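Data block below; observations after.
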Amino acid sequence: MNFVLVFKAFIMGIVEGCTEFLPISSTGHLILAGSLLDFTGDNVKVFSIAIQSGAMLSVVWVYHQKIIRVVRGMFTNSRDRKFVINLVVAFLPAAILGVLFSRAIQDFLFYPAPVAAAFIAGGLLIIFVEKRNMKNPVSRVESVDDMTIVDAFKVGCAQAFALIPGTSRSGATIIGGMLFGLSRKAATEFSFFLAMPTLFGAAVYSIFKEHALLTASDVPLFTVGTISAFVSAFFCVRWLLRYISSHSFIPFAWYRIAFGIFVLVSAHYGWIAWVE
């Protein structure tokens, strides 16, 4: 076992867990961390997607009581059944577009300028939505259980924008949800729940598609990365739920803008290879 590689996998897992549910793009930060750690290559691309399942499991742990209730009542309780249908509807747009256009997205959009533009545009959109909500703080949907199937579809369409590198899946779903009338809490929680099928599906699809790149020696790396992603994401989710009760996402917006500028500068001087 190569303990240096295991340690790098551990760090990458922490980066994934700490950024997956924040509106700042986990992919961009994983590219940066991988470059700094000299942890790159085709199998690392699969690794970076696979360890998202660890982050996803942290949501399962945090919301296990609601998940158990929904599973038990999805065939007998109309509220639970509606919640499951909403998740399926919200999951489909990104899933379908991802399968159809993932190669084209990697070929044409995974370059410094589009990545930086996505970071900066996302930051500006967050500021716009938060400023708008400050002027009109009343939300149409206060809880994920109050969402309609149309609300779910809109959030799902917003999540599809996260296929653009640098956008951020959580950022797209949270800010998209707020833009469509969800409260900050409802949008954030639905983003968490939507992460479960989205991240698990992406991990399974990536491993199935690229299994030829993997060997038995990769198992320790995937295991360590998944576990560290789970632990760090667990604490991040708990912290974020406390944070949104009294704070806006504007600090994340300015961070995104600064990160976008960093992408352009680092690419210009050749510090980071912003290509997947």
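Letters for chains follow the order of the structure tokens (A, B, ...), residue numbers begin at 1 for each chain, and ligand numbers begin at 1 in the order shown.
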Which residues are close to region 144-156 of chain A, i.e. within 8 Å by only C-alpha atoms, leaving aside same-chain residues fewer than 2 positions away? Reply as a PyMOL selection string. chain A and resi 79+82-83+85-87+89-94+141-142+158-160+173+176-177+180+186-187+189-190
Might you pull out every residue within 12 Å of Cys236 (chain A), with only C-alpha atoms counted and same-chain residues fewer than 5 positions away left off, and present them as a PyMOL selection string? chain A and resi 14-22+55-56+58-59+62+192+229-231+241-243
When you count only C-alpha atoms, which of these residues is closest to Met134 (chain A): A:Ser191, A:Ser183, A:Thr40, A:Thr226? A:Ser183
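Taking only C-alpha atoms into account, His268 (chain A) lies nearest to A:Ala116 out of the set A:Ile127, A:Ala121, A:Ala253, A:Ala116.
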Using only C-alpha atoms, which residue out of A:Leu221, A:Leu213, A:Val84, A:Val237 lies closest to Asn2 (chain A)? A:Leu221
Shell around Phe119 (chain A) at 9 Å using only C-alpha atoms, local window under 3 positions removed, as a list in words: Ile24, Ser25, Pro114, Val115, Ala116, Gly122, Gly123, Leu124, Pro165, Gly166, Thr167, Ser168, Ala253, Arg256, Ile257, Ala258, Phe259, Gly260 and Ile261 of chain A
Pull N, CA, C and O atoms from the residues just selected and write them as a CSV table (one decimal), in the first residue's frame.
```csv
chain,number,residue,atom,x,y,z
A,24,ILE,N,-20.1,26.6,-3.8
A,24,ILE,CA,-18.8,27.1,-4.3
A,24,ILE,C,-18.1,26.2,-5.3
A,24,ILE,O,-16.9,26.4,-5.7
A,25,SER,N,-18.7,25.1,-5.7
A,25,SER,CA,-18.2,24.1,-6.7
A,25,SER,C,-17.1,23.2,-6.1
A,25,SER,O,-16.0,23.6,-6.0
A,114,PRO,N,-14.4,29.4,-19.4
A,114,PRO,CA,-15.8,29.0,-19.0
A,114,PRO,C,-15.9,28.7,-17.5
A,114,PRO,O,-16.9,29.0,-16.9
A,115,VAL,N,-14.9,28.0,-16.9
A,115,VAL,CA,-14.9,27.7,-15.5
A,115,VAL,C,-15.0,29.0,-14.7
A,115,VAL,O,-15.8,29.2,-13.8
A,116,ALA,N,-14.1,29.9,-15.0
A,116,ALA,CA,-14.0,31.2,-14.3
A,116,ALA,C,-15.3,32.0,-14.5
A,116,ALA,O,-15.8,32.6,-13.5
A,122,GLY,N,-22.1,32.8,-11.2
A,122,GLY,CA,-22.8,32.2,-10.0
A,122,GLY,C,-22.7,33.2,-8.8
A,122,GLY,O,-23.7,33.3,-8.1
A,123,GLY,N,-21.6,33.8,-8.6
A,123,GLY,CA,-21.5,34.7,-7.5
A,123,GLY,C,-22.4,35.9,-7.6
A,123,GLY,O,-23.0,36.3,-6.7
A,124,LEU,N,-22.4,36.5,-8.8
A,124,LEU,CA,-23.3,37.6,-9.1
A,124,LEU,C,-24.7,37.3,-9.0
A,124,LEU,O,-25.5,38.1,-8.4
A,165,PRO,N,-19.0,23.2,-15.8
A,165,PRO,CA,-17.9,23.3,-14.8
A,165,PRO,C,-17.8,24.6,-14.1
A,165,PRO,O,-17.9,25.7,-14.8
A,166,GLY,N,-17.7,24.6,-12.8
A,166,GLY,CA,-17.6,25.8,-12.0
A,166,GLY,C,-18.9,26.3,-11.5
A,166,GLY,O,-18.9,27.3,-10.7
A,167,THR,N,-20.0,25.7,-11.9
A,167,THR,CA,-21.3,26.3,-11.5
A,167,THR,C,-21.6,25.9,-10.0
A,167,THR,O,-22.1,26.8,-9.3
A,168,SER,N,-21.4,24.7,-9.6
A,168,SER,CA,-21.7,24.1,-8.3
A,168,SER,C,-23.1,23.6,-8.3
A,168,SER,O,-24.1,24.3,-8.5
A,253,ALA,N,-20.8,34.2,-2.3
A,253,ALA,CA,-20.8,34.9,-3.6
A,253,ALA,C,-19.5,35.6,-3.9
A,253,ALA,O,-18.9,35.4,-5.0
A,256,ARG,N,-16.8,33.1,-4.5
A,256,ARG,CA,-16.9,32.6,-5.9
A,256,ARG,C,-16.2,33.5,-6.9
A,256,ARG,O,-15.5,33.1,-7.8
A,257,ILE,N,-16.5,34.8,-6.7
A,257,ILE,CA,-16.0,35.8,-7.6
A,257,ILE,C,-14.4,35.8,-7.5
A,257,ILE,O,-13.7,35.9,-8.5
A,258,ALA,N,-13.9,35.8,-6.3
A,258,ALA,CA,-12.5,35.8,-6.1
A,258,ALA,C,-11.9,34.5,-6.6
A,258,ALA,O,-10.8,34.6,-7.2
A,259,PHE,N,-12.6,33.4,-6.5
A,259,PHE,CA,-12.0,32.1,-7.0
A,259,PHE,C,-12.0,32.2,-8.5
A,259,PHE,O,-11.1,31.6,-9.1
A,260,GLY,N,-13.0,32.7,-9.1
A,260,GLY,CA,-13.1,32.8,-10.6
A,260,GLY,C,-11.9,33.7,-11.1
A,260,GLY,O,-11.3,33.3,-12.1
A,261,ILE,N,-11.6,34.7,-10.4
A,261,ILE,CA,-10.4,35.6,-10.8
A,261,ILE,C,-9.1,34.7,-10.6
A,261,ILE,O,-8.2,34.8,-11.5
```
When DSSP is applied to the backbone of this structure, which of region 25-245 of chain A are assigned helix (DSSP H, G or I)? Write them out as a ChimeraX atom specification. /A:26-37,42-50,52-62,64-73,78-108,112-135,144-146,149-163,169-179,184-209,211-213,216-243
Contacts of Ser217 (chain A) at 12 Å or less, counting only C-alpha atoms, minus same-chain residues fewer than 3 places along, as a list in words? Met1, Asn2, Phe3, Leu5, Val6, Asn43, Leu213, Leu214, Pro220, Leu221, Phe222 and Thr223 of chain A
Take the selection from the previous step and output its residues with C-alpha atoms, as a compact mmCIF listing (two decimals), in the first residue's frame.
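Written file, result14.txt:
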```txt
# COMPACT_ATOMS: atom_id res chain seq x y z
CA MET A 1 0.00 0.00 0.00
CA ASN A 2 1.30 3.44 -0.95
CA PHE A 3 0.67 5.52 2.18
CA LEU A 5 -1.31 8.15 -2.10
CA VAL A 6 -3.65 7.13 0.72
CA ASN A 43 -8.43 7.21 -12.48
CA LEU A 213 -9.15 2.27 -15.47
CA LEU A 214 -9.46 0.84 -11.96
CA PRO A 220 -7.79 1.65 -0.32
CA LEU A 221 -7.77 5.07 -1.99
CA PHE A 222 -11.49 4.97 -2.75
CA THR A 223 -12.28 3.70 0.75
```
Proximity to Asp107 (chain A) - best of A:Ala195, A:Ile244, A:Ile164, A:Ala216, only C-alpha atoms: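 Ranked by minimum distance to Asp107 (chain A), first place goes to A:Ile164.
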